[in-house]
Amino acid sequence: MKIICIGRNYTDHIEELANEKPTDPVIFMKPDTALLREKDFYIPGFSEDIHYEVELLVKINKVGKHINARFAQKYYDEIGLGIDFTARDVQAKLKEKGLPWEKAKAFDGSVIMGEWRPKDEFADINDIRFSLKKNGEVVQQGHTALMLWKVDELVAYVSRYFTLKKGDVIFTGTPAGVGKINPNDYLEGFLEDKKSFALGVK
Ligand code: ZN
């Protein structure tokens, strides 16, 4: 299973990090060892600034390459919500030097995935709302209508470079509101009105 992540897919988040608006989707990957195995997230010793990024997920259901965006929906039938944990201080140093982001993005436990739900539960993939609460307060709110590249365009774009396989997961990018986590924080993700995950921070 591979985890393919999209960066800079919401204008408001691009602005909060003062990034340039990309002309193509920004893609990076995480290995399967990035999936958190414990029920809590443990802040790693190499970072002083771990950020949450809540994102809509799609799970690929069959092999696909050079997928046409018009048929992309045939390649996923489950939708989820997850967090792309990011060592922002490590990432800032790597960005400065133009180096790859893996140490900041793909470390052990840097991904959680909430409950998977059938795509059919949602009338329109481009009209799904999601949110993240930290300690009971909403810190991020997303709406798939506001993506620069919509889900089907992302599936198509990614498949031009990487063969998609059953079980692969695409993280579709985070909206504004990313921020630091601290020990004893409690994170809850909501896909529409339904809770998708809950997680403690140690
Ligand atoms: Zn992200």
# chains A, B, ... in the order shown; residues from 1 in each chain; ligands from 1
>>> select_by_dssp(residues="range 81-197 of chain A", states="strand (DSSP E)", output="PDB file with N, CA and C atoms, in the first residue's frame")
ATOM      1  N   LEU A  81     -11.269  10.152   6.052  1.00  0.00           N
ATOM      2  CA  LEU A  81     -10.692  11.397   6.541  1.00  0.00           C
ATOM      3  C   LEU A  81      -9.447  11.013   7.341  1.00  0.00           C
ATOM      4  N   GLY A  82      -8.395  11.782   7.207  1.00  0.00           N
ATOM      5  CA  GLY A  82      -7.180  11.449   7.933  1.00  0.00           C
ATOM      6  C   GLY A  82      -6.375  12.682   8.257  1.00  0.00           C
ATOM      7  N   ILE A  83      -5.266  12.443   8.957  1.00  0.00           N
ATOM      8  CA  ILE A  83      -4.340  13.544   9.251  1.00  0.00           C
ATOM      9  C   ILE A  83      -2.985  13.219   8.661  1.00  0.00           C
ATOM     10  N   ASP A  84      -2.449  14.231   7.980  1.00  0.00           N
ATOM     11  CA  ASP A  84      -1.085  14.203   7.467  1.00  0.00           C
ATOM     12  C   ASP A  84      -0.264  15.021   8.479  1.00  0.00           C
ATOM     13  N   THR A  86       2.865  16.690  10.106  1.00  0.00           N
ATOM     14  CA  THR A  86       4.002  17.331   9.442  1.00  0.00           C
ATOM     15  C   THR A  86       4.922  17.974  10.472  1.00  0.00           C
ATOM     16  N   ALA A  87       6.207  17.647  10.396  1.00  0.00           N
ATOM     17  CA  ALA A  87       7.192  18.323  11.256  1.00  0.00           C
ATOM     18  C   ALA A  87       7.550  19.643  10.568  1.00  0.00           C
ATOM     19  N   VAL A 111       0.758   9.409   9.811  1.00  0.00           N
ATOM     20  CA  VAL A 111      -0.531   9.322   9.133  1.00  0.00           C
ATOM     21  C   VAL A 111      -1.549   8.606  10.004  1.00  0.00           C
ATOM     22  N   ILE A 112      -2.741   9.187  10.096  1.00  0.00           N
ATOM     23  CA  ILE A 112      -3.868   8.396  10.605  1.00  0.00           C
ATOM     24  C   ILE A 112      -4.980   8.426   9.565  1.00  0.00           C
ATOM     25  N   MET A 113      -5.740   7.338   9.544  1.00  0.00           N
ATOM     26  CA  MET A 113      -6.879   7.240   8.637  1.00  0.00           C
ATOM     27  C   MET A 113      -8.088   6.865   9.467  1.00  0.00           C
ATOM     28  N   ARG A 117     -15.854   5.146   4.477  1.00  0.00           N
ATOM     29  CA  ARG A 117     -17.295   5.136   4.172  1.00  0.00           C
ATOM     30  C   ARG A 117     -17.507   4.971   2.670  1.00  0.00           C
ATOM     31  N   PRO A 118     -18.575   4.233   2.307  1.00  0.00           N
ATOM     32  CA  PRO A 118     -18.824   4.036   0.870  1.00  0.00           C
ATOM     33  C   PRO A 118     -19.038   5.371   0.162  1.00  0.00           C
ATOM     34  N   ARG A 129     -18.128  18.256   3.008  1.00  0.00           N
ATOM     35  CA  ARG A 129     -17.526  19.108   4.043  1.00  0.00           C
ATOM     36  C   ARG A 129     -16.867  18.235   5.102  1.00  0.00           C
ATOM     37  N   PHE A 130     -15.800  18.744   5.669  1.00  0.00           N
ATOM     38  CA  PHE A 130     -15.117  18.007   6.740  1.00  0.00           C
ATOM     39  C   PHE A 130     -14.473  19.006   7.690  1.00  0.00           C
ATOM     40  N   SER A 131     -14.166  18.523   8.884  1.00  0.00           N
ATOM     41  CA  SER A 131     -13.581  19.442   9.865  1.00  0.00           C
ATOM     42  C   SER A 131     -12.739  18.693  10.877  1.00  0.00           C
ATOM     43  N   LEU A 132     -11.906  19.451  11.571  1.00  0.00           N
ATOM     44  CA  LEU A 132     -11.074  18.904  12.636  1.00  0.00           C
ATOM     45  C   LEU A 132     -11.281  19.751  13.888  1.00  0.00           C
ATOM     46  N   LYS A 133     -11.488  19.040  14.997  1.00  0.00           N
ATOM     47  CA  LYS A 133     -11.579  19.729  16.292  1.00  0.00           C
ATOM     48  C   LYS A 133     -10.334  19.408  17.097  1.00  0.00           C
ATOM     49  N   LYS A 134      -9.798  20.431  17.753  1.00  0.00           N
ATOM     50  CA  LYS A 134      -8.705  20.221  18.698  1.00  0.00           C
ATOM     51  C   LYS A 134      -9.210  20.646  20.062  1.00  0.00           C
ATOM     52  N   GLU A 137     -12.579  22.348  20.018  1.00  0.00           N
ATOM     53  CA  GLU A 137     -12.812  23.547  19.199  1.00  0.00           C
ATOM     54  C   GLU A 137     -12.466  23.275  17.741  1.00  0.00           C
ATOM     55  N   VAL A 138     -13.316  23.762  16.848  1.00  0.00           N
ATOM     56  CA  VAL A 138     -13.047  23.555  15.418  1.00  0.00           C
ATOM     57  C   VAL A 138     -11.826  24.377  15.007  1.00  0.00           C
ATOM     58  N   VAL A 139     -10.802  23.685  14.450  1.00  0.00           N
ATOM     59  CA  VAL A 139      -9.602  24.400  14.005  1.00  0.00           C
ATOM     60  C   VAL A 139      -9.442  24.384  12.477  1.00  0.00           C
ATOM     61  N   GLN A 140     -10.044  23.399  11.824  1.00  0.00           N
ATOM     62  CA  GLN A 140      -9.973  23.345  10.358  1.00  0.00           C
ATOM     63  C   GLN A 140     -11.335  22.946   9.802  1.00  0.00           C
ATOM     64  N   GLN A 141     -11.716  23.609   8.717  1.00  0.00           N
ATOM     65  CA  GLN A 141     -12.942  23.259   8.012  1.00  0.00           C
ATOM     66  C   GLN A 141     -12.631  23.202   6.530  1.00  0.00           C
ATOM     67  N   GLY A 142     -13.008  22.124   5.896  1.00  0.00           N
ATOM     68  CA  GLY A 142     -12.737  21.978   4.473  1.00  0.00           C
ATOM     69  C   GLY A 142     -14.003  21.686   3.696  1.00  0.00           C
ATOM     70  N   HIS A 143     -13.964  22.008   2.425  1.00  0.00           N
ATOM     71  CA  HIS A 143     -15.077  21.727   1.523  1.00  0.00           C
ATOM     72  C   HIS A 143     -14.448  21.355   0.186  1.00  0.00           C
ATOM     73  N   VAL A 169      -3.873   4.864  -1.018  1.00  0.00           N
ATOM     74  CA  VAL A 169      -4.696   5.946  -0.473  1.00  0.00           C
ATOM     75  C   VAL A 169      -4.141   7.287  -0.945  1.00  0.00           C
ATOM     76  N   ILE A 170      -5.046   8.154  -1.383  1.00  0.00           N
ATOM     77  CA  ILE A 170      -4.641   9.512  -1.763  1.00  0.00           C
ATOM     78  C   ILE A 170      -5.139  10.495  -0.706  1.00  0.00           C
ATOM     79  N   PHE A 171      -4.215  11.256  -0.157  1.00  0.00           N
ATOM     80  CA  PHE A 171      -4.521  12.375   0.741  1.00  0.00           C
ATOM     81  C   PHE A 171      -4.649  13.611  -0.152  1.00  0.00           C
ATOM     82  N   GLY A 179      -2.024  23.739  12.403  1.00  0.00           N
ATOM     83  CA  GLY A 179      -1.410  24.290  13.607  1.00  0.00           C
ATOM     84  C   GLY A 179      -0.692  23.228  14.401  1.00  0.00           C
ATOM     85  N   LYS A 180      -0.055  23.703  15.459  1.00  0.00           N
ATOM     86  CA  LYS A 180       0.804  22.851  16.270  1.00  0.00           C
ATOM     87  C   LYS A 180      -0.010  21.981  17.234  1.00  0.00           C
ATOM     88  N   TYR A 186      -6.317  16.653  22.132  1.00  0.00           N
ATOM     89  CA  TYR A 186      -7.251  15.623  21.691  1.00  0.00           C
ATOM     90  C   TYR A 186      -7.827  16.070  20.350  1.00  0.00           C
ATOM     91  N   LEU A 187      -7.661  15.231  19.339  1.00  0.00           N
ATOM     92  CA  LEU A 187      -8.081  15.587  17.983  1.00  0.00           C
ATOM     93  C   LEU A 187      -9.261  14.719  17.554  1.00  0.00           C
ATOM     94  N   GLU A 188     -10.251  15.347  16.934  1.00  0.00           N
ATOM     95  CA  GLU A 188     -11.406  14.612  16.404  1.00  0.00           C
ATOM     96  C   GLU A 188     -11.706  15.100  14.992  1.00  0.00           C
ATOM     97  N   GLY A 189     -11.885  14.144  14.082  1.00  0.00           N
ATOM     98  CA  GLY A 189     -12.183  14.500  12.696  1.00  0.00           C
ATOM     99  C   GLY A 189     -13.616  14.164  12.342  1.00  0.00           C
ATOM    100  N   PHE A 190     -14.233  15.021  11.550  1.00  0.00           N
ATOM    101  CA  PHE A 190     -15.626  14.818  11.140  1.00  0.00           C
ATOM    102  C   PHE A 190     -15.747  14.905   9.621  1.00  0.00           C
ATOM    103  N   LEU A 191     -16.378  13.875   9.070  1.00  0.00           N
ATOM    104  CA  LEU A 191     -16.668  13.853   7.650  1.00  0.00           C
ATOM    105  C   LEU A 191     -18.168  14.123   7.559  1.00  0.00           C
ATOM    106  N   LYS A 194     -20.516  13.226  10.702  1.00  0.00           N
ATOM    107  CA  LYS A 194     -20.195  11.970  11.373  1.00  0.00           C
ATOM    108  C   LYS A 194     -18.736  11.940  11.812  1.00  0.00           C
ATOM    109  N   LYS A 195     -18.511  11.505  13.062  1.00  0.00           N
ATOM    110  CA  LYS A 195     -17.127  11.437  13.542  1.00  0.00           C
ATOM    111  C   LYS A 195     -16.383  10.315  12.828  1.00  0.00           C
ATOM    112  N   SER A 196     -15.195  10.666  12.364  1.00  0.00           N
ATOM    113  CA  SER A 196     -14.426   9.727  11.571  1.00  0.00           C
ATOM    114  C   SER A 196     -13.256   9.134  12.382  1.00  0.00           C
ATOM    115  N   PHE A 197     -12.677   9.965  13.257  1.00  0.00           N
ATOM    116  CA  PHE A 197     -11.592   9.477  14.117  1.00  0.00           C
ATOM    117  C   PHE A 197     -11.480  10.352  15.361  1.00  0.00           C
TER     118      PHE A 197
END
>>> residues_around(residues="Ile125 in chain A", least_positions_apart="2", cutoff="9 Å", atoms="only C-alpha atoms", output="JSON, numbers by chain")
{"A": [119, 122, 123, 127, 128, 144, 145, 150, 151, 152]}
>>> closest_atom_pairs(of="chain A", to="ligand 1", cutoff="12 Å", atoms="only C-alpha atoms and all ligand atoms", output="tab-separated table")
residue	atom	partner	partner_atom_place_in_ligand_line	distance
A:Ile3	CA	ligand 1	1 (Zn)	11.3
A:Ile4	CA	ligand 1	1 (Zn)	9.9
A:Cys5	CA	ligand 1	1 (Zn)	6.3
A:Ile6	CA	ligand 1	1 (Zn)	6.3
A:Gly7	CA	ligand 1	1 (Zn)	5.5
A:Arg8	CA	ligand 1	1 (Zn)	7.8
A:Asn9	CA	ligand 1	1 (Zn)	8.9
A:Tyr10	CA	ligand 1	1 (Zn)	10.4
A:His13	CA	ligand 1	1 (Zn)	10.0
A:Ile14	CA	ligand 1	1 (Zn)	11.2
A:Val26	CA	ligand 1	1 (Zn)	10.1
A:Ile27	CA	ligand 1	1 (Zn)	9.7
A:Phe28	CA	ligand 1	1 (Zn)	9.2
A:Met29	CA	ligand 1	1 (Zn)	10.3
A:Lys30	CA	ligand 1	1 (Zn)	10.9
A:His51	CA	ligand 1	1 (Zn)	9.7
A:Tyr52	CA	ligand 1	1 (Zn)	8.4
A:Glu53	CA	ligand 1	1 (Zn)	5.4
A:Val54	CA	ligand 1	1 (Zn)	7.3
A:Glu55	CA	ligand 1	1 (Zn)	6.8
A:Leu56	CA	ligand 1	1 (Zn)	9.9
A:Leu57	CA	ligand 1	1 (Zn)	10.8
A:Leu81	CA	ligand 1	1 (Zn)	11.8
A:Gly82	CA	ligand 1	1 (Zn)	9.6
A:Ile83	CA	ligand 1	1 (Zn)	7.6
A:Asp84	CA	ligand 1	1 (Zn)	5.0
A:Phe85	CA	ligand 1	1 (Zn)	7.5
A:Thr86	CA	ligand 1	1 (Zn)	7.6
A:Ala87	CA	ligand 1	1 (Zn)	11.2
A:Arg88	CA	ligand 1	1 (Zn)	11.1
A:Gln91	CA	ligand 1	1 (Zn)	11.9
A:Trp101	CA	ligand 1	1 (Zn)	11.5
A:Ala104	CA	ligand 1	1 (Zn)	11.1
A:Lys105	CA	ligand 1	1 (Zn)	8.4
A:Ala106	CA	ligand 1	1 (Zn)	10.8
A:Ser110	CA	ligand 1	1 (Zn)	10.5
A:Val111	CA	ligand 1	1 (Zn)	9.8
A:Ile112	CA	ligand 1	1 (Zn)	11.8
A:Ile170	CA	ligand 1	1 (Zn)	10.4
A:Phe171	CA	ligand 1	1 (Zn)	6.9
A:Thr172	CA	ligand 1	1 (Zn)	7.4
A:Gly173	CA	ligand 1	1 (Zn)	4.8
A:Thr174	CA	ligand 1	1 (Zn)	5.2
A:Pro175	CA	ligand 1	1 (Zn)	8.8
A:Ala176	CA	ligand 1	1 (Zn)	10.7
A:Gly177	CA	ligand 1	1 (Zn)	11.8
A:Val178	CA	ligand 1	1 (Zn)	9.4
A:Gly179	CA	ligand 1	1 (Zn)	12.0
>>> write_last_selection(atoms="C-alpha atoms", output="PDB file, in the first residue's frame")
ATOM      1  CA  ILE A   3       0.136   6.751   0.502  1.00  0.00           C
ATOM      2  CA  ILE A   4       0.145   9.566  -2.024  1.00  0.00           C
ATOM      3  CA  CYS A   5      -0.255  13.065  -0.675  1.00  0.00           C
ATOM      4  CA  ILE A   6      -1.192  16.269  -2.434  1.00  0.00           C
ATOM      5  CA  GLY A   7       0.230  19.554  -1.218  1.00  0.00           C
ATOM      6  CA  ARG A   8      -1.111  23.072  -1.760  1.00  0.00           C
ATOM      7  CA  ASN A   9      -4.564  22.138  -2.978  1.00  0.00           C
ATOM      8  CA  TYR A  10      -6.530  24.868  -1.182  1.00  0.00           C
ATOM      9  CA  HIS A  13      -3.815  27.103   3.059  1.00  0.00           C
ATOM     10  CA  ILE A  14      -1.299  28.211   0.390  1.00  0.00           C
ATOM     11  CA  VAL A  26       2.401  19.043  -5.588  1.00  0.00           C
ATOM     12  CA  ILE A  27       2.862  15.340  -4.852  1.00  0.00           C
ATOM     13  CA  PHE A  28       4.789  13.520  -2.163  1.00  0.00           C
ATOM     14  CA  MET A  29       4.517  10.022  -0.735  1.00  0.00           C
ATOM     15  CA  LYS A  30       4.613   8.243   2.571  1.00  0.00           C
ATOM     16  CA  HIS A  51       1.349  20.253  12.779  1.00  0.00           C
ATOM     17  CA  TYR A  52      -1.952  18.518  12.066  1.00  0.00           C
ATOM     18  CA  GLU A  53      -3.346  18.677   8.515  1.00  0.00           C
ATOM     19  CA  VAL A  54      -6.819  17.190   8.142  1.00  0.00           C
ATOM     20  CA  GLU A  55      -7.526  15.861   4.657  1.00  0.00           C
ATOM     21  CA  LEU A  56     -10.155  14.009   2.674  1.00  0.00           C
ATOM     22  CA  LEU A  57      -8.972  10.550   1.596  1.00  0.00           C
ATOM     23  CA  LEU A  81     -10.692  11.397   6.541  1.00  0.00           C
ATOM     24  CA  GLY A  82      -7.180  11.449   7.933  1.00  0.00           C
ATOM     25  CA  ILE A  83      -4.340  13.544   9.251  1.00  0.00           C
ATOM     26  CA  ASP A  84      -1.085  14.203   7.467  1.00  0.00           C
ATOM     27  CA  PHE A  85       1.185  15.016  10.439  1.00  0.00           C
ATOM     28  CA  THR A  86       4.002  17.331   9.442  1.00  0.00           C
ATOM     29  CA  ALA A  87       7.192  18.323  11.256  1.00  0.00           C
ATOM     30  CA  ARG A  88       6.897  21.950  10.167  1.00  0.00           C
ATOM     31  CA  GLN A  91      10.089  20.896   6.576  1.00  0.00           C
ATOM     32  CA  TRP A 101      10.400  16.552   2.379  1.00  0.00           C
ATOM     33  CA  ALA A 104       9.257  16.088   7.695  1.00  0.00           C
ATOM     34  CA  LYS A 105       6.333  14.198   6.205  1.00  0.00           C
ATOM     35  CA  ALA A 106       6.896  10.460   5.965  1.00  0.00           C
ATOM     36  CA  SER A 110       2.803  10.507  10.495  1.00  0.00           C
ATOM     37  CA  VAL A 111      -0.531   9.322   9.133  1.00  0.00           C
ATOM     38  CA  ILE A 112      -3.868   8.396  10.605  1.00  0.00           C
ATOM     39  CA  ILE A 170      -4.641   9.512  -1.763  1.00  0.00           C
ATOM     40  CA  PHE A 171      -4.521  12.375   0.741  1.00  0.00           C
ATOM     41  CA  THR A 172      -6.117  15.244  -1.172  1.00  0.00           C
ATOM     42  CA  GLY A 173      -4.558  18.222   0.614  1.00  0.00           C
ATOM     43  CA  THR A 174      -5.406  20.347   3.609  1.00  0.00           C
ATOM     44  CA  PRO A 175      -7.473  23.521   3.955  1.00  0.00           C
ATOM     45  CA  ALA A 176      -6.420  26.491   6.119  1.00  0.00           C
ATOM     46  CA  GLY A 177      -6.107  26.279   9.874  1.00  0.00           C
ATOM     47  CA  VAL A 178      -3.135  23.952  10.271  1.00  0.00           C
ATOM     48  CA  GLY A 179      -1.410  24.290  13.607  1.00  0.00           C
TER      49      GLY A 179
END
>>> residues_around(residues="Ile60 in chain A", least_positions_apart="5", cutoff="8 Å", atoms="only C-alpha atoms", output="list in words")
Tyr75, Tyr76, Asp77, Glu78, Leu164, Lys165, Lys166, Gly167, Asp168, Val169 and Ile170 of chain A
>>> atom_distance(atom1="CA of Gly98 in chain A", atom2="CA of Val158 in chain A")
22.0 Å
>>> residues_around(residues="Asp185 in chain A", least_positions_apart="4", cutoff="7 Å", atoms="only C-alpha atoms", output="VMD selection string")
chain A and resid 134 to 135 181 200 to 201
>>> closest_residue(among="A:Leu94, A:Gly109, A:Ser159, A:Asn126", to="Lys39 in chain A", atoms="only C-alpha atoms")
A:Gly109
>>> atom_distance(atom1="CA of Asn182 in chain A", atom2="CA of Ala18 in chain A")
23.6 Å
>>> closest_residue(among="A:Trp149, A:Ala198, A:Phe71, A:Pro100", to="Gly136 in chain A", atoms="only C-alpha atoms")
A:Ala198
>>> closest_residue(among="A:Pro183, A:Asp108, A:Met147, A:Glu153", to="Glu48 in chain A", atoms="only C-alpha atoms")
A:Pro183
>>> atom_distance(atom1="CA of Lys2 in chain A", atom2="CA of Pro31 in chain A")
5.9 Å
>>> select_by_dssp(residues="range 64-192 of chain A", states="helix (DSSP H, G or I)", output="PyMOL selection string")
chain A and resi 69-75+88-97+102-105+119-121+144-146+151-161
>>> write_last_selection(atoms="N, CA, C and O atoms", output="compact mmCIF listing (two decimals), in the first residue's frame")
# COMPACT_ATOMS: atom_id res chain seq x y z
N ALA A 69 -9.76 11.50 -16.17
CA ALA A 69 -10.50 12.07 -15.04
C ALA A 69 -12.00 11.74 -15.13
O ALA A 69 -12.66 11.56 -14.10
N ARG A 70 -12.51 11.63 -16.33
CA ARG A 70 -13.94 11.35 -16.51
C ARG A 70 -14.33 9.97 -15.96
O ARG A 70 -15.49 9.73 -15.64
N PHE A 71 -13.34 9.07 -15.90
CA PHE A 71 -13.63 7.71 -15.43
C PHE A 71 -13.00 7.43 -14.06
O PHE A 71 -13.00 6.31 -13.57
N ALA A 72 -12.45 8.47 -13.45
CA ALA A 72 -11.70 8.29 -12.20
C ALA A 72 -12.56 7.67 -11.09
O ALA A 72 -12.05 6.92 -10.25
N GLN A 73 -13.86 7.96 -11.12
CA GLN A 73 -14.73 7.44 -10.04
C GLN A 73 -14.80 5.92 -10.03
O GLN A 73 -15.17 5.33 -9.03
N LYS A 74 -14.46 5.30 -11.14
CA LYS A 74 -14.46 3.83 -11.19
C LYS A 74 -13.29 3.25 -10.39
O LYS A 74 -13.25 2.05 -10.15
N TYR A 75 -12.35 4.10 -10.01
CA TYR A 75 -11.12 3.61 -9.36
C TYR A 75 -11.12 3.80 -7.84
O TYR A 75 -10.14 3.52 -7.19
N ARG A 88 6.80 20.69 10.92
CA ARG A 88 6.90 21.95 10.17
C ARG A 88 8.28 22.57 10.26
O ARG A 88 8.77 23.18 9.31
N ASP A 89 8.93 22.43 11.42
CA ASP A 89 10.28 23.00 11.56
C ASP A 89 11.29 22.27 10.68
O ASP A 89 12.14 22.89 10.03
N VAL A 90 11.15 20.94 10.62
CA VAL A 90 12.04 20.13 9.76
C VAL A 90 11.76 20.47 8.29
O VAL A 90 12.67 20.68 7.49
N GLN A 91 10.47 20.59 7.96
CA GLN A 91 10.09 20.90 6.58
C GLN A 91 10.63 22.26 6.14
O GLN A 91 11.10 22.43 5.02
N ALA A 92 10.57 23.24 7.05
CA ALA A 92 11.04 24.59 6.71
C ALA A 92 12.51 24.57 6.34
O ALA A 92 12.93 25.21 5.37
N LYS A 93 13.30 23.79 7.09
CA LYS A 93 14.74 23.69 6.79
C LYS A 93 14.98 23.02 5.44
O LYS A 93 15.83 23.44 4.66
N LEU A 94 14.22 21.95 5.17
CA LEU A 94 14.38 21.23 3.90
C LEU A 94 13.97 22.11 2.72
O LEU A 94 14.66 22.16 1.70
N LYS A 95 12.85 22.82 2.89
CA LYS A 95 12.35 23.71 1.83
C LYS A 95 13.39 24.78 1.48
O LYS A 95 13.62 25.07 0.32
N GLU A 96 13.96 25.32 2.54
CA GLU A 96 14.95 26.39 2.39
C GLU A 96 16.11 25.94 1.49
O GLU A 96 16.62 26.70 0.67
N LYS A 97 16.49 24.66 1.66
CA LYS A 97 17.61 24.14 0.88
C LYS A 97 17.16 23.44 -0.39
O LYS A 97 17.98 22.88 -1.12
N GLU A 102 10.73 14.17 2.85
CA GLU A 102 10.38 12.93 3.54
C GLU A 102 10.59 12.95 5.05
O GLU A 102 9.76 12.46 5.80
N LYS A 103 11.70 13.52 5.50
CA LYS A 103 11.95 13.49 6.96
C LYS A 103 10.87 14.27 7.71
O LYS A 103 10.57 13.98 8.86
N ALA A 104 10.28 15.25 7.06
CA ALA A 104 9.26 16.09 7.70
C ALA A 104 7.86 15.52 7.55
O ALA A 104 6.95 15.88 8.30
N LYS A 105 7.69 14.62 6.59
CA LYS A 105 6.33 14.20 6.21
C LYS A 105 6.07 12.70 6.33
O LYS A 105 4.93 12.29 6.50
N LYS A 119 -18.46 5.49 -1.00
CA LYS A 119 -18.60 6.71 -1.82
C LYS A 119 -20.08 7.04 -2.06
O LYS A 119 -20.46 8.21 -2.11
N ASP A 120 -20.90 5.97 -2.18
CA ASP A 120 -22.33 6.16 -2.49
C ASP A 120 -23.08 6.93 -1.39
O ASP A 120 -24.17 7.43 -1.62
N GLU A 121 -22.49 7.00 -0.19
CA GLU A 121 -23.14 7.78 0.88
C GLU A 121 -23.10 9.28 0.59
O GLU A 121 -23.78 10.06 1.23
N THR A 144 -14.78 20.17 -0.31
CA THR A 144 -14.09 19.68 -1.52
C THR A 144 -14.35 20.58 -2.73
O THR A 144 -13.59 20.54 -3.69
N ALA A 145 -15.40 21.39 -2.67
CA ALA A 145 -15.67 22.33 -3.78
C ALA A 145 -14.55 23.35 -3.92
O ALA A 145 -14.38 23.95 -4.98
N LEU A 146 -13.79 23.56 -2.85
CA LEU A 146 -12.76 24.61 -2.84
C LEU A 146 -11.37 24.09 -3.21
O LEU A 146 -10.39 24.82 -3.12
N VAL A 151 -10.99 15.88 -6.76
CA VAL A 151 -10.57 14.50 -6.50
C VAL A 151 -10.30 13.73 -7.80
O VAL A 151 -9.26 13.09 -7.95
N ASP A 152 -11.23 13.80 -8.75
CA ASP A 152 -11.08 13.01 -9.97
C ASP A 152 -9.89 13.48 -10.81
O ASP A 152 -9.20 12.68 -11.44
N GLU A 153 -9.63 14.77 -10.78
CA GLU A 153 -8.45 15.29 -11.49
C GLU A 153 -7.17 14.81 -10.82
O GLU A 153 -6.17 14.52 -11.49
N LEU A 154 -7.20 14.71 -9.49
CA LEU A 154 -6.02 14.23 -8.76
C LEU A 154 -5.73 12.76 -9.07
O LEU A 154 -4.59 12.38 -9.31
N VAL A 155 -6.78 11.95 -9.07
CA VAL A 155 -6.60 10.52 -9.38
C VAL A 155 -5.98 10.40 -10.77
O VAL A 155 -5.02 9.65 -10.97
N ALA A 156 -6.50 11.15 -11.72
CA ALA A 156 -5.98 11.11 -13.09
C ALA A 156 -4.53 11.59 -13.13
O ALA A 156 -3.66 10.94 -13.72
N TYR A 157 -4.26 12.70 -12.47
CA TYR A 157 -2.91 13.28 -12.52
C TYR A 157 -1.88 12.33 -11.89
O TYR A 157 -0.82 12.06 -12.48
N VAL A 158 -2.20 11.84 -10.71
CA VAL A 158 -1.27 10.94 -10.01
C VAL A 158 -0.97 9.71 -10.87
O VAL A 158 0.17 9.26 -10.96
N SER A 159 -2.00 9.19 -11.54
CA SER A 159 -1.84 7.94 -12.30
C SER A 159 -1.02 8.12 -13.57
O SER A 159 -0.66 7.16 -14.23
N ARG A 160 -0.71 9.36 -13.92
CA ARG A 160 0.19 9.59 -15.06
C ARG A 160 1.63 9.22 -14.69
O ARG A 160 2.45 8.91 -15.54
N TYR A 161 1.92 9.32 -13.38
CA TYR A 161 3.29 9.07 -12.90
C TYR A 161 3.45 7.76 -12.16
O TYR A 161 4.50 7.14 -12.20
